[in-house]
Each structure stands twice: as structure tokens, then as C-alpha cells.
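K.L.:
File name structure-v3.csv; file contents CSV, C-alpha atoms and all ligand atoms; full text below.
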chain,number,residue,atom,x,y,z
A,1,MET,CA,-3.0,-33.5,15.5
A,2,ALA,CA,-4.7,-30.2,15.4
A,3,LEU,CA,-6.3,-29.3,12.1
A,4,PHE,CA,-6.3,-25.6,11.3
A,5,LYS,CA,-8.7,-24.0,8.9
A,6,GLY,CA,-7.5,-20.5,8.0
A,7,LYS,CA,-5.6,-18.7,10.6
A,8,ASN,CA,-3.0,-20.6,12.6
A,9,PRO,CA,-1.5,-18.2,15.0
A,10,THR,CA,0.8,-20.7,16.6
A,11,ALA,CA,2.5,-21.6,13.3
A,12,GLU,CA,6.0,-20.3,12.9
A,13,THR,CA,6.4,-17.4,10.4
A,14,PRO,CA,9.3,-18.1,8.0
A,15,ALA,CA,12.1,-15.4,7.9
A,16,LEU,CA,11.9,-13.4,4.7
A,17,ASP,CA,14.4,-14.1,1.9
A,18,ASP,CA,15.0,-12.6,-1.5
A,19,ASN,CA,11.8,-14.0,-2.8
A,20,PHE,CA,9.7,-11.8,-0.6
A,21,GLN,CA,10.9,-8.3,-0.2
A,22,HIS,CA,7.9,-6.2,-1.2
A,23,ILE,CA,4.4,-6.4,0.2
A,24,ALA,CA,1.5,-4.2,-0.9
A,25,PHE,CA,-1.8,-3.5,0.8
A,26,ILE,CA,-5.2,-2.4,-0.6
A,27,MET,CA,-6.3,-0.9,2.7
A,28,ASP,CA,-10.1,-1.4,2.3
A,29,GLY,CA,-13.0,-1.6,4.7
A,30,ASN,CA,-12.6,1.6,6.9
A,31,GLY,CA,-16.1,2.8,6.1
A,32,ARG,CA,-17.8,-0.5,6.9
A,33,TRP,CA,-15.7,-0.8,10.1
A,34,ALA,CA,-17.1,2.5,11.3
A,35,LYS,CA,-20.6,1.7,10.2
A,36,LYS,CA,-20.6,-1.5,12.3
A,37,ARG,CA,-19.9,0.8,15.2
A,38,GLY,CA,-22.6,3.3,14.3
A,39,MET,CA,-20.0,5.9,13.6
A,40,PRO,CA,-19.3,8.1,10.6
A,41,ARG,CA,-17.0,6.7,7.9
A,42,GLU,CA,-14.4,9.3,8.8
A,43,PHE,CA,-14.0,7.5,12.1
A,44,GLY,CA,-13.0,4.4,10.3
A,45,HIS,CA,-10.4,6.3,8.3
A,46,LYS,CA,-8.9,7.6,11.5
A,47,ALA,CA,-8.7,4.1,12.9
A,48,GLY,CA,-7.2,2.9,9.7
A,49,ALA,CA,-4.4,5.5,9.8
A,50,LYS,CA,-3.4,4.2,13.3
A,51,VAL,CA,-3.3,0.6,12.0
A,52,PHE,CA,-1.2,1.7,9.0
A,53,LYS,CA,1.6,2.8,11.4
A,54,ARG,CA,1.4,-0.5,13.3
A,55,ILE,CA,1.5,-2.5,10.1
A,56,CYS,CA,4.5,-0.5,8.8
A,57,GLU,CA,6.4,-1.0,11.9
A,58,HIS,CA,5.8,-4.7,11.8
A,59,CYS,CA,6.7,-4.9,8.2
A,60,ALA,CA,10.0,-3.2,8.9
A,61,ASP,CA,10.6,-5.6,11.8
A,62,ARG,CA,10.0,-8.5,9.6
A,63,GLY,CA,12.5,-7.2,7.1
A,64,PHE,CA,10.5,-6.1,4.1
A,65,ARG,CA,12.4,-3.7,2.0
A,66,ALA,CA,9.3,-2.2,0.4
A,67,VAL,CA,5.7,-1.7,1.5
A,68,THR,CA,3.2,-0.1,-0.8
A,69,VAL,CA,-0.2,1.0,0.4
A,70,TYR,CA,-3.2,2.2,-1.5
A,71,ALA,CA,-4.5,5.2,0.4
A,72,PHE,CA,-6.6,7.2,-2.2
A,73,SER,CA,-7.4,6.2,-5.7
A,74,THR,CA,-8.0,8.3,-8.8
A,75,GLU,CA,-11.7,7.1,-8.5
A,76,ASN,CA,-12.0,8.0,-4.8
A,77,TRP,CA,-12.7,11.7,-5.8
A,78,LYS,CA,-16.2,10.4,-6.6
A,79,ARG,CA,-17.0,10.2,-2.9
A,80,PRO,CA,-19.0,13.0,-1.1
A,81,GLU,CA,-17.0,16.1,-0.7
A,82,HIS,CA,-17.0,15.9,3.1
A,83,GLU,CA,-15.4,12.4,3.0
A,84,VAL,CA,-12.7,13.5,0.5
A,85,ASN,CA,-12.0,16.6,2.6
A,86,ALA,CA,-11.8,14.4,5.7
A,87,LEU,CA,-9.3,12.1,4.0
A,88,MET,CA,-7.1,15.0,2.9
A,89,GLU,CA,-7.1,16.4,6.4
A,90,LEU,CA,-6.2,13.0,7.8
A,91,LEU,CA,-3.3,12.8,5.4
A,92,CYS,CA,-2.2,16.2,6.5
A,93,ASP,CA,-2.3,15.2,10.2
A,94,TYR,CA,-0.6,11.9,9.3
A,95,LEU,CA,2.3,13.7,7.6
A,96,ASP,CA,2.8,15.7,10.8
A,97,GLU,CA,2.8,12.4,12.8
A,98,PHE,CA,5.4,10.9,10.4
A,99,ILE,CA,7.6,14.0,10.4
A,100,GLU,CA,7.6,14.0,14.2
A,101,ASN,CA,7.9,10.2,14.8
A,102,HIS,CA,9.8,9.2,11.6
A,103,GLU,CA,12.2,7.0,13.5
A,104,ASP,CA,9.4,4.5,14.3
A,105,TYR,CA,8.8,3.8,10.6
A,106,LYS,CA,12.5,2.9,9.9
A,107,SER,CA,11.7,3.7,6.3
A,108,ARG,CA,11.6,6.4,3.7
A,109,PHE,CA,8.2,7.6,2.5
A,110,VAL,CA,7.7,7.8,-1.3
A,111,PHE,CA,4.4,9.2,-2.6
A,112,ILE,CA,3.1,7.6,-5.8
A,113,GLY,CA,0.3,9.0,-7.9
A,114,ASP,CA,-0.5,12.4,-9.4
A,115,LEU,CA,-0.1,14.8,-6.5
A,116,SER,CA,-0.8,17.9,-8.6
A,117,PRO,CA,-4.5,18.3,-7.5
A,118,LEU,CA,-3.6,18.3,-3.8
A,119,SER,CA,-3.4,21.6,-1.9
A,120,PRO,CA,0.0,23.4,-1.9
A,121,THR,CA,0.2,22.9,1.9
A,122,LEU,CA,-0.3,19.1,1.5
A,123,ARG,CA,2.3,19.0,-1.3
A,124,GLU,CA,4.8,20.9,0.7
A,125,LYS,CA,4.3,18.5,3.6
A,126,ILE,CA,4.7,15.5,1.3
A,127,ALA,CA,8.0,16.9,0.0
A,128,GLU,CA,9.2,17.4,3.5
A,129,ALA,CA,8.2,13.9,4.5
A,130,GLU,CA,10.0,12.5,1.5
A,131,ARG,CA,13.2,14.2,2.5
A,132,ILE,CA,13.2,12.4,5.9
A,133,ASN,CA,14.9,9.1,6.4
A,134,ALA,CA,16.5,9.6,3.0
A,135,ASP,CA,19.3,7.1,3.7
A,136,SER,CA,16.9,4.3,4.8
A,137,PRO,CA,17.2,1.1,2.8
A,138,ARG,CA,13.4,0.6,3.3
A,139,ILE,CA,10.7,2.3,1.3
A,140,ILE,CA,7.0,2.9,2.1
A,141,ASN,CA,5.2,3.9,-1.1
A,142,ILE,CA,2.0,5.7,-0.3
A,143,ALA,CA,-0.4,5.8,-3.2
A,144,ILE,CA,-2.4,9.0,-3.3
A,145,ASN,CA,-4.5,10.0,-6.3
A,146,TYR,CA,-3.1,6.8,-7.7
A,147,GLY,CA,-4.6,4.7,-10.5
A,148,GLY,CA,-2.9,2.0,-12.4
A,149,ARG,CA,-4.2,3.3,-15.7
A,150,ALA,CA,-3.2,6.9,-15.0
A,151,GLU,CA,0.2,5.6,-14.0
A,152,MET,CA,0.5,3.9,-17.4
A,153,VAL,CA,-0.5,7.1,-19.2
A,154,HIS,CA,2.1,9.0,-17.1
A,155,ALA,CA,4.7,6.4,-17.9
A,156,PHE,CA,4.1,6.5,-21.7
A,157,ASN,CA,4.0,10.3,-21.7
A,158,THR,CA,7.3,10.4,-19.8
A,159,LEU,CA,8.9,8.1,-22.4
A,160,ALA,CA,7.4,10.1,-25.3
A,161,ALA,CA,8.9,13.3,-23.8
A,162,GLU,CA,12.3,11.4,-23.8
A,163,GLY,CA,11.8,11.0,-27.6
A,164,LYS,CA,11.0,7.3,-27.5
A,165,THR,CA,8.9,6.1,-30.4
A,166,THR,CA,9.0,2.5,-29.4
A,167,VAL,CA,9.3,1.3,-25.8
A,168,THR,CA,10.5,-1.8,-24.0
A,169,GLU,CA,9.3,-3.5,-20.8
A,170,GLU,CA,12.5,-2.2,-19.2
A,171,ASP,CA,11.7,1.4,-20.3
A,172,ILE,CA,8.3,1.1,-18.6
A,173,ALA,CA,9.7,-0.4,-15.4
A,174,ARG,CA,12.1,2.5,-15.2
A,175,VAL,CA,9.4,5.2,-15.3
A,176,VAL,CA,6.5,3.7,-13.3
A,177,TYR,CA,6.1,5.4,-9.9
A,178,THR,CA,7.4,2.3,-8.1
A,179,HIS,CA,10.6,2.1,-10.1
A,180,GLU,CA,12.8,2.3,-6.9
A,181,SER,CA,11.1,-0.6,-5.1
A,182,GLY,CA,10.2,-2.9,-8.0
A,183,ASP,CA,7.2,-5.2,-8.2
A,184,PRO,CA,5.3,-6.3,-5.1
A,185,ASP,CA,5.7,-10.0,-4.4
A,186,MET,CA,2.3,-10.1,-2.7
A,187,ILE,CA,-0.7,-7.9,-2.8
A,188,VAL,CA,-3.0,-8.1,0.3
A,189,ARG,CA,-6.5,-6.8,0.1
A,190,THR,CA,-8.6,-6.4,3.2
A,191,GLY,CA,-12.3,-5.8,3.4
A,192,GLY,CA,-13.5,-8.9,1.5
A,193,ASP,CA,-13.7,-7.7,-2.1
A,194,LEU,CA,-12.0,-9.8,-4.7
A,195,ARG,CA,-10.7,-7.1,-7.1
A,196,ILE,CA,-7.7,-5.0,-7.9
A,197,SER,CA,-9.5,-1.6,-8.1
A,198,ASN,CA,-6.9,0.0,-10.5
A,199,PHE,CA,-4.0,-0.8,-8.2
A,200,LEU,CA,-0.5,-1.5,-9.5
A,201,LEU,CA,-1.7,-2.9,-12.9
A,202,TRP,CA,1.7,-3.1,-14.4
A,203,GLN,CA,3.5,-4.3,-11.2
A,204,ALA,CA,0.9,-7.0,-10.3
A,205,ALA,CA,1.8,-9.2,-13.3
A,206,TYR,CA,3.2,-12.0,-11.1
A,207,ALA,CA,2.2,-10.9,-7.6
A,208,GLU,CA,0.7,-13.4,-5.3
A,209,PHE,CA,-2.8,-12.2,-4.1
A,210,TYR,CA,-4.0,-12.5,-0.6
A,211,PHE,CA,-7.6,-11.6,0.1
A,212,THR,CA,-9.0,-11.4,3.6
A,213,ASP,CA,-12.5,-10.5,4.9
A,214,THR,CA,-10.8,-8.6,7.8
A,215,LEU,CA,-11.5,-4.9,7.6
A,216,TRP,CA,-8.4,-2.7,7.4
A,217,PRO,CA,-8.8,-1.2,10.9
A,218,ASP,CA,-8.9,-4.7,12.3
A,219,LEU,CA,-5.8,-5.9,10.6
A,220,THR,CA,-3.0,-7.0,13.0
A,221,PRO,CA,0.6,-7.9,12.7
A,222,GLU,CA,-0.4,-11.5,13.2
A,223,ASP,CA,-2.5,-11.2,10.0
A,224,VAL,CA,0.6,-10.0,8.2
A,225,ASP,CA,2.4,-13.0,9.5
A,226,GLU,CA,-0.3,-15.3,8.2
A,227,ALA,CA,0.0,-13.7,4.8
A,228,ILE,CA,3.8,-14.4,5.0
A,229,ARG,CA,3.1,-18.0,5.8
A,230,VAL,CA,0.6,-18.3,2.9
A,231,PHE,CA,3.2,-16.7,0.6
A,232,TYR,CA,5.8,-19.4,1.5
A,233,SER,CA,3.2,-22.1,1.0
A,234,ARG,CA,2.6,-21.2,-2.6
A,235,LYS,CA,4.6,-22.2,-5.6
A,236,ARG,CA,5.4,-19.4,-8.0
A,237,ARG,CA,5.9,-20.8,-11.5
A,238,TYR,CA,6.1,-17.7,-13.6
A,239,GLY,CA,4.7,-19.7,-16.5
A,240,GLY,CA,7.3,-22.4,-16.1
A,241,LEU,CA,6.9,-25.9,-14.6
B,1,LIG,C1,-10.6,2.2,2.2
B,1,LIG,O1,-11.8,2.1,2.9
B,1,LIG,C2,-10.0,3.6,2.3
B,1,LIG,C3,-10.2,4.4,1.1
B,1,LIG,C4,-10.7,4.0,0.0
B,1,LIG,C5,-9.8,5.8,1.2
B,1,LIG,P1,-13.2,2.5,2.3
B,1,LIG,O2,-13.4,3.9,2.6
B,1,LIG,O3,-13.3,2.1,0.9
B,1,LIG,O4,-14.1,1.6,3.2
B,1,LIG,P2,-15.3,0.7,2.7
B,1,LIG,O5,-14.8,-0.2,1.6
B,1,LIG,O6,-16.4,1.6,2.2
B,1,LIG,O7,-15.7,-0.1,3.9
B,2,LIG,C1,-9.7,0.8,-3.2
B,2,LIG,O1,-10.8,0.8,-2.4
B,2,LIG,C2,-8.9,2.0,-3.0
B,2,LIG,C3,-8.2,2.2,-1.7
B,2,LIG,C4,-8.2,1.3,-0.8
B,2,LIG,C5,-7.6,3.5,-1.5
B,2,LIG,P1,-12.2,1.3,-2.9
B,2,LIG,O2,-13.1,1.1,-1.8
B,2,LIG,O3,-12.1,2.6,-3.5
B,2,LIG,O4,-12.5,0.2,-4.1
B,2,LIG,P2,-13.9,-0.2,-4.7
B,2,LIG,O5,-14.6,1.0,-5.0
B,2,LIG,O6,-14.5,-1.1,-3.8
B,2,LIG,O7,-13.4,-1.0,-6.0
B,3,MG,MG,-13.8,0.4,-0.1
Using C-alpha cells, write down the structure from this file.
Ligand code: IPE
Ligand code: IPE
Ligand code: MG
P.N.:
Amino acid sequence: MALFKGKNPTAETPALDDNFQHIAFIMDGNGRWAKKRGMPREFGHKAGAKVFKRICEHCADRGFRAVTVYAFSTENWKRPEHEVNALMELLCDYLDEFIENHEDYKSRFVFIGDLSPLSPTLREKIAEAERINADSPRIINIAINYGGRAEMVHAFNTLAAEGKTTVTEEDIARVVYTHESGDPDMIVRTGGDLRISNFLLWQAAYAEFYFTDTLWPDLTPEDVDEAIRVFYSRKRRYGGL
């Protein structure tokens, strides 16, 4: 009998059921991917954007109802200005790509995070993209200028503005950015680091974590299938027995 350590591409991937409807990705490792090739970090971000599309299409084909991706954190503004600009330009180009080829994604785009510091052009394009595929049952949440802590502050301020002086878990779940798609069942982080980096702090309470050394631009649909197999090999107890 063959013994597999790690990836087993010949294994069958279970069909998704109600237990696995939402997958999230911390798309990390673009810069290192480019560096390995002697190229500027921006080159890695470009490659990463292409992979994003392929992964989204695969997730729709597998039947995920929600995919959430971490594209730009509240902390990523600390990067050199040219990299931040390149990322914003890439987002702009990407929105054009989505607007033109939206049928490929079979999903509605929802942008999560504080979009107010983005340029008016970018914000208009985001609004346009969000209006497309409005009837789709699938959601792709794209986290831009997103931080889990900033999201909590935003949520509490929203509830305060409603006049709430005490809040419940249900109240918070209703006002977090991901309120339409609920909590992720699994969070995948590429790039080898074992941390959450301020992503989905509230929503991650009972998420399964899947860490891989694979750099984001190298991630393949087969890697997603491996994550699905791992998900179904785990036992979620939610504190019970
Ligand atoms: C993730 O890749 C993309 C963003 C944070 C925008 P990185 O740019 O963090 O790539 P590494 O981690 O430096 O390789
Ligand atoms: C997390 O990656 C943010 C995104 C993928 C957008 P980072 O590269 O910013 O995270 P750290 O700095 O390694 O924690
Ligand atoms: Mg990184």
C-alpha cells in the first residue's frame, strides 16, 4: 500500500456539504515568489492576481458559497510607497478584468474593509463591480484595507450609532463586514508563516486552519482540493466531545 506524506493528488476529494461552505485565503508569499525569480515584488503580485482568478473559478466549481481573500491589510500601508501604488494599480486593472469577464467568476464580489482612503476612481470601480452578478448565490469577499481589529471598532461604532448600550454576539455578527457570508469554515494561509496577521479575528473563532509553505502564486486547484480533504479528515468539536 502506498504511504503518502502530505499531498496525495490521487486521493478523491469529497463533495462539499453544509459543513464546508466558506473558505478563506491569506494570499501570502507574492514578494518571495518574485524574489526567487530575481524579479521585483510587483511581479509576484501580478502573478498572484492571475492565480486568484483560477482559485476563485475552482472554488465556484467545487461548490463553495463564499470565498474570502485577504488582499491588502490595514498594516500593508507601511510598505514602500511604490509597492502600495503598484498594488492599488493592480486592483484597478483587476476590477476591469472582473467587470469584463465577470461570468467566469460565477460569484458576486463584496469588498470588505475601510475603502474610504482609496482613490475615488478605485471606489467607483469597486461600486460598479459590486453591482455585477448581483443575483449570484455565491460571494467572493475581497478584503482591502481590512484589519480584524479595525473591523471590530467599525462594528461597535455601528452598534453605538444604532443606540445600543449593550451588545450581543448576534448584534456583532450582524454588523461585521462578512455578515452576508457568515464565518469561514477553513482559513488557508500560503507562504509558510503560522499567524493570522489581523484577518477575520471575530469570524475565525472556530475556523479550521490550513497552513502551507506553497507561495500564493504557486497555489493550484489541486492544493485547494488537498485542503478540502484535510478539512474532512478533521473532527470539529466546538468545545463538545
Ligand atoms: C501577500 O504577499 C500580498 C500582500 C500582502 C499584498 P506579500 O507581498 O506579503 O509577499 P511576501 O510575504 O513578502 O513574500
Ligand atoms: C497578510 O500578509 C496580509 C495579506 C495577505 C494581504 P502580510 O505579508 O502582510 O503579513 P505579515 O506581515 O507577514 O504578518
Ligand atoms: Mg507577506
K.L.:
Can I get the residues close to ligand MG 3 (chain B) as a VMD selection string, where close means within 12 Å and we count only C-alpha atoms and all ligand atoms?
P.N.:
chain A and resid 26 to 33 41 44 to 45 70 to 73 75 to 76 79 189 to 197 215 to 216
K.L.:
Go through A:Glu226, A:Asp218, A:Asp183, A:Glu170 one by one, measure the shortest atom-to-atom distance of each to ligand LIG 1 (chain B) using only C-alpha atoms and all ligand atoms, and give the residue with the smallest value.
P.N.:
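For ligand LIG 1 (chain B), the nearest of the given residues is A:Asp218.
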K.L.:
Looking at only C-alpha atoms, which of A:Ile55, A:Leu159, A:Ile99, A:Ala150 is the one that sits closest to Arg131 of chain A?
P.N.:
A:Ile99
K.L.:
Write out as number ranges by chain each polymer residue whose atoms come within 8 Å of Glu208 of chain A, counting only C-alpha atoms; drop sequence neighbours fewer than 3 positions from it.
P.N.:
A: 185-187, 231
K.L.:
Just to be explicit: take each residue in the selection above, keep C-alpha atoms, and write the result as a PDB file, in the frame of the given file.
P.N.:
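The resulting result-v3.pdb:
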ATOM      1  CA  ASP A 185       5.700 -10.000  -4.400  1.00  0.00           C
ATOM      2  CA  MET A 186       2.300 -10.100  -2.700  1.00  0.00           C
ATOM      3  CA  ILE A 187      -0.700  -7.900  -2.800  1.00  0.00           C
ATOM      4  CA  PHE A 231       3.200 -16.700   0.600  1.00  0.00           C
TER       5      PHE A 231
END
K.L.:
Which one of A:Leu95, A:Ala143, A:Ile228, A:Val188 sits closest to ligand LIG 2 (chain B) if you count all atoms listed in the file?
P.N.:
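Ranked by minimum distance to ligand LIG 2 (chain B), first place goes to A:Ala143.
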K.L.:
Please measure the separation of atom CA of Gly113 of chain A and atom CA of Asn145 of chain A, giving the value in Å to one decimal.
P.N.:
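Answer for the atom CA of Gly113 of chain A to atom CA of Asn145 of chain A separation: 5.2 Å.
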K.L.:
To one decimal place in Å, what is the distance between atom CA of Met152 of chain A and atom CA of Trp202 of chain A?
P.N.:
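Taking atom CA of Met152 of chain A as the start and atom CA of Trp202 of chain A as the end point, the length is 7.7 Å.
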K.L.:
Just how far from atom CA of Leu122 of chain A is atom CA of Cys92 of chain A, in Å to one decimal?
P.N.:
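Atom CA of Cys92 of chain A sits 6.1 Å away from atom CA of Leu122 of chain A.
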K.L.:
Pick the closest to ligand LIG 1 (chain B) from A:Asp213, A:Asp18, A:Asp93, A:Glu180: which is it, counting only C-alpha atoms and all ligand atoms?
P.N.:
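Using only C-alpha atoms and all ligand atoms, ligand LIG 1 (chain B) sits closest to A:Asp213.
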K.L.:
Using all atoms listed in the file, which residue out of A:Gly240, A:Pro217, A:Gly38, A:Pro14 lies closest to ligand LIG 2 (chain B)?
P.N.:
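The answer is A:Pro217, which sits nearest to ligand LIG 2 (chain B).
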K.L.:
Measuring atom to atom with only C-alpha atoms, identify which of A:Phe52, A:Phe109, A:Phe43, A:Tyr210 is nearest to Ile142 of chain A.
P.N.:
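Comparing A:Phe52, A:Phe109, A:Phe43, A:Tyr210 against Ile142 of chain A, the winner is A:Phe109.
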K.L.:
Name all residues at most 6 Å from Thr68 of chain A (count only C-alpha atoms; drop same-chain ones fewer than 2 positions away) and give them as a short mmCIF file (atom, residue, chain, number, x, y, z; two decimals) with C-alpha atoms, in the coordinates of the input.
P.N.:
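In the end it all went to result_20.cif:
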data_model
loop_
_atom_site.label_atom_id
_atom_site.label_comp_id
_atom_site.auth_asym_id
_atom_site.auth_seq_id
_atom_site.Cartn_x
_atom_site.Cartn_y
_atom_site.Cartn_z
CA ALA A 24 1.50 -4.20 -0.90
CA ILE A 140 7.00 2.90 2.10
CA ASN A 141 5.20 3.90 -1.10
CA ILE A 142 2.00 5.70 -0.30
#
K.L.:
Quick one: everything within 10 Å of Leu90 of chain A, counting all atoms listed in the file, minus sequence neighbours fewer than 5 positions away in the same chain. Send it as a CSV table (one decimal) with C-alpha atoms, in the coordinates of the input.
P.N.:
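As written to disk, result_19.csv reads:
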chain,number,residue,atom,x,y,z
A,42,GLU,CA,-14.4,9.3,8.8
A,45,HIS,CA,-10.4,6.3,8.3
A,46,LYS,CA,-8.9,7.6,11.5
A,49,ALA,CA,-4.4,5.5,9.8
A,84,VAL,CA,-12.7,13.5,0.5
A,85,ASN,CA,-12.0,16.6,2.6
A,95,LEU,CA,2.3,13.7,7.6
A,96,ASP,CA,2.8,15.7,10.8
K.L.:
Would you mind putting back N, CA, C and O atoms on segment 92-116 of chain A, then writing it out as an mmCIF file, keeping the file's coordinate frame?
P.N.:
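Full text of part.cif as output:
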data_model
loop_
_atom_site.group_PDB
_atom_site.id
_atom_site.type_symbol
_atom_site.label_atom_id
_atom_site.label_comp_id
_atom_site.auth_asym_id
_atom_site.auth_seq_id
_atom_site.Cartn_x
_atom_site.Cartn_y
_atom_site.Cartn_z
ATOM 1 N N CYS A 92 -2.940 15.089 6.003
ATOM 2 C CA CYS A 92 -2.200 16.200 6.500
ATOM 3 C C CYS A 92 -1.698 15.934 7.948
ATOM 4 O O CYS A 92 -0.521 16.067 8.269
ATOM 5 N N ASP A 93 -2.639 15.484 8.793
ATOM 6 C CA ASP A 93 -2.300 15.200 10.200
ATOM 7 C C ASP A 93 -1.277 14.014 10.208
ATOM 8 O O ASP A 93 -0.362 13.985 11.020
ATOM 9 N N TYR A 94 -1.494 13.075 9.300
ATOM 10 C CA TYR A 94 -0.600 11.900 9.300
ATOM 11 C C TYR A 94 0.818 12.290 8.929
ATOM 12 O O TYR A 94 1.773 11.756 9.483
ATOM 13 N N LEU A 95 0.936 13.240 8.012
ATOM 14 C CA LEU A 95 2.300 13.700 7.600
ATOM 15 C C LEU A 95 2.972 14.333 8.830
ATOM 16 O O LEU A 95 4.165 14.107 9.047
ATOM 17 N N ASP A 96 2.216 15.093 9.619
ATOM 18 C CA ASP A 96 2.800 15.700 10.800
ATOM 19 C C ASP A 96 3.280 14.581 11.769
ATOM 20 O O ASP A 96 4.358 14.669 12.349
ATOM 21 N N GLU A 97 2.460 13.545 11.899
ATOM 22 C CA GLU A 97 2.800 12.400 12.800
ATOM 23 C C GLU A 97 4.083 11.755 12.284
ATOM 24 O O GLU A 97 4.994 11.493 13.060
ATOM 25 N N PHE A 98 4.178 11.550 10.976
ATOM 26 C CA PHE A 98 5.400 10.900 10.400
ATOM 27 C C PHE A 98 6.610 11.780 10.612
ATOM 28 O O PHE A 98 7.673 11.310 11.018
ATOM 29 N N ILE A 99 6.432 13.083 10.335
ATOM 30 C CA ILE A 99 7.600 14.000 10.400
ATOM 31 C C ILE A 99 8.088 13.998 11.883
ATOM 32 O O ILE A 99 9.289 13.967 12.127
ATOM 33 N N GLU A 100 7.152 13.948 12.844
ATOM 34 C CA GLU A 100 7.600 14.000 14.200
ATOM 35 C C GLU A 100 8.143 12.625 14.711
ATOM 36 O O GLU A 100 9.128 12.601 15.441
ATOM 37 N N ASN A 101 7.526 11.537 14.292
ATOM 38 C CA ASN A 101 7.900 10.200 14.800
ATOM 39 C C ASN A 101 8.561 9.340 13.740
ATOM 40 O O ASN A 101 8.399 8.122 13.739
ATOM 41 N N HIS A 102 9.269 9.961 12.814
ATOM 42 C CA HIS A 102 9.800 9.200 11.600
ATOM 43 C C HIS A 102 10.635 8.036 11.959
ATOM 44 O O HIS A 102 10.679 7.065 11.211
ATOM 45 N N GLU A 103 11.296 8.087 13.141
ATOM 46 C CA GLU A 103 12.200 7.000 13.500
ATOM 47 C C GLU A 103 11.447 5.655 13.637
ATOM 48 O O GLU A 103 11.984 4.585 13.353
ATOM 49 N N ASP A 104 10.202 5.743 14.091
ATOM 50 C CA ASP A 104 9.400 4.500 14.300
ATOM 51 C C ASP A 104 9.207 3.727 13.029
ATOM 52 O O ASP A 104 9.016 2.521 13.067
ATOM 53 N N TYR A 105 9.198 4.424 11.906
ATOM 54 C CA TYR A 105 8.800 3.800 10.600
ATOM 55 C C TYR A 105 10.034 3.047 10.007
ATOM 56 O O TYR A 105 9.864 2.191 9.155
ATOM 57 N N LYS A 106 11.250 3.466 10.396
ATOM 58 C CA LYS A 106 12.500 2.900 9.900
ATOM 59 C C LYS A 106 12.484 2.781 8.367
ATOM 60 O O LYS A 106 12.991 1.828 7.766
ATOM 61 N N SER A 107 11.855 3.744 7.716
ATOM 62 C CA SER A 107 11.700 3.700 6.300
ATOM 63 C C SER A 107 11.587 5.108 5.695
ATOM 64 O O SER A 107 11.254 6.053 6.395
ATOM 65 N N ARG A 108 11.816 5.171 4.408
ATOM 66 C CA ARG A 108 11.600 6.400 3.700
ATOM 67 C C ARG A 108 10.246 6.410 3.034
ATOM 68 O O ARG A 108 9.845 5.384 2.480
ATOM 69 N N PHE A 109 9.528 7.518 3.123
ATOM 70 C CA PHE A 109 8.200 7.600 2.500
ATOM 71 C C PHE A 109 8.402 8.060 1.019
ATOM 72 O O PHE A 109 9.137 9.017 0.757
ATOM 73 N N VAL A 110 7.727 7.390 0.109
ATOM 74 C CA VAL A 110 7.700 7.800 -1.300
ATOM 75 C C VAL A 110 6.205 7.917 -1.670
ATOM 76 O O VAL A 110 5.456 6.957 -1.440
ATOM 77 N N PHE A 111 5.782 9.042 -2.184
ATOM 78 C CA PHE A 111 4.400 9.200 -2.600
ATOM 79 C C PHE A 111 4.225 8.888 -4.040
ATOM 80 O O PHE A 111 4.971 9.422 -4.870
ATOM 81 N N ILE A 112 3.300 8.012 -4.362
ATOM 82 C CA ILE A 112 3.100 7.600 -5.800
ATOM 83 C C ILE A 112 1.697 8.031 -6.186
ATOM 84 O O ILE A 112 0.749 7.904 -5.424
ATOM 85 N N GLY A 113 1.602 8.551 -7.408
ATOM 86 C CA GLY A 113 0.300 9.000 -7.900
ATOM 87 C C GLY A 113 0.516 10.467 -8.389
ATOM 88 O O GLY A 113 1.609 11.035 -8.283
ATOM 89 N N ASP A 114 -0.556 11.041 -8.905
ATOM 90 C CA ASP A 114 -0.500 12.400 -9.400
ATOM 91 C C ASP A 114 -0.858 13.354 -8.245
ATOM 92 O O ASP A 114 -2.028 13.449 -7.859
ATOM 93 N N LEU A 115 0.146 14.005 -7.698
ATOM 94 C CA LEU A 115 -0.100 14.800 -6.500
ATOM 95 C C LEU A 115 -0.537 16.248 -6.896
ATOM 96 O O LEU A 115 -0.867 17.042 -6.024
ATOM 97 N N SER A 116 -0.571 16.542 -8.212
ATOM 98 C CA SER A 116 -0.800 17.900 -8.600
ATOM 99 C C SER A 116 -2.194 18.492 -8.159
ATOM 100 O O SER A 116 -2.279 19.680 -7.872
#
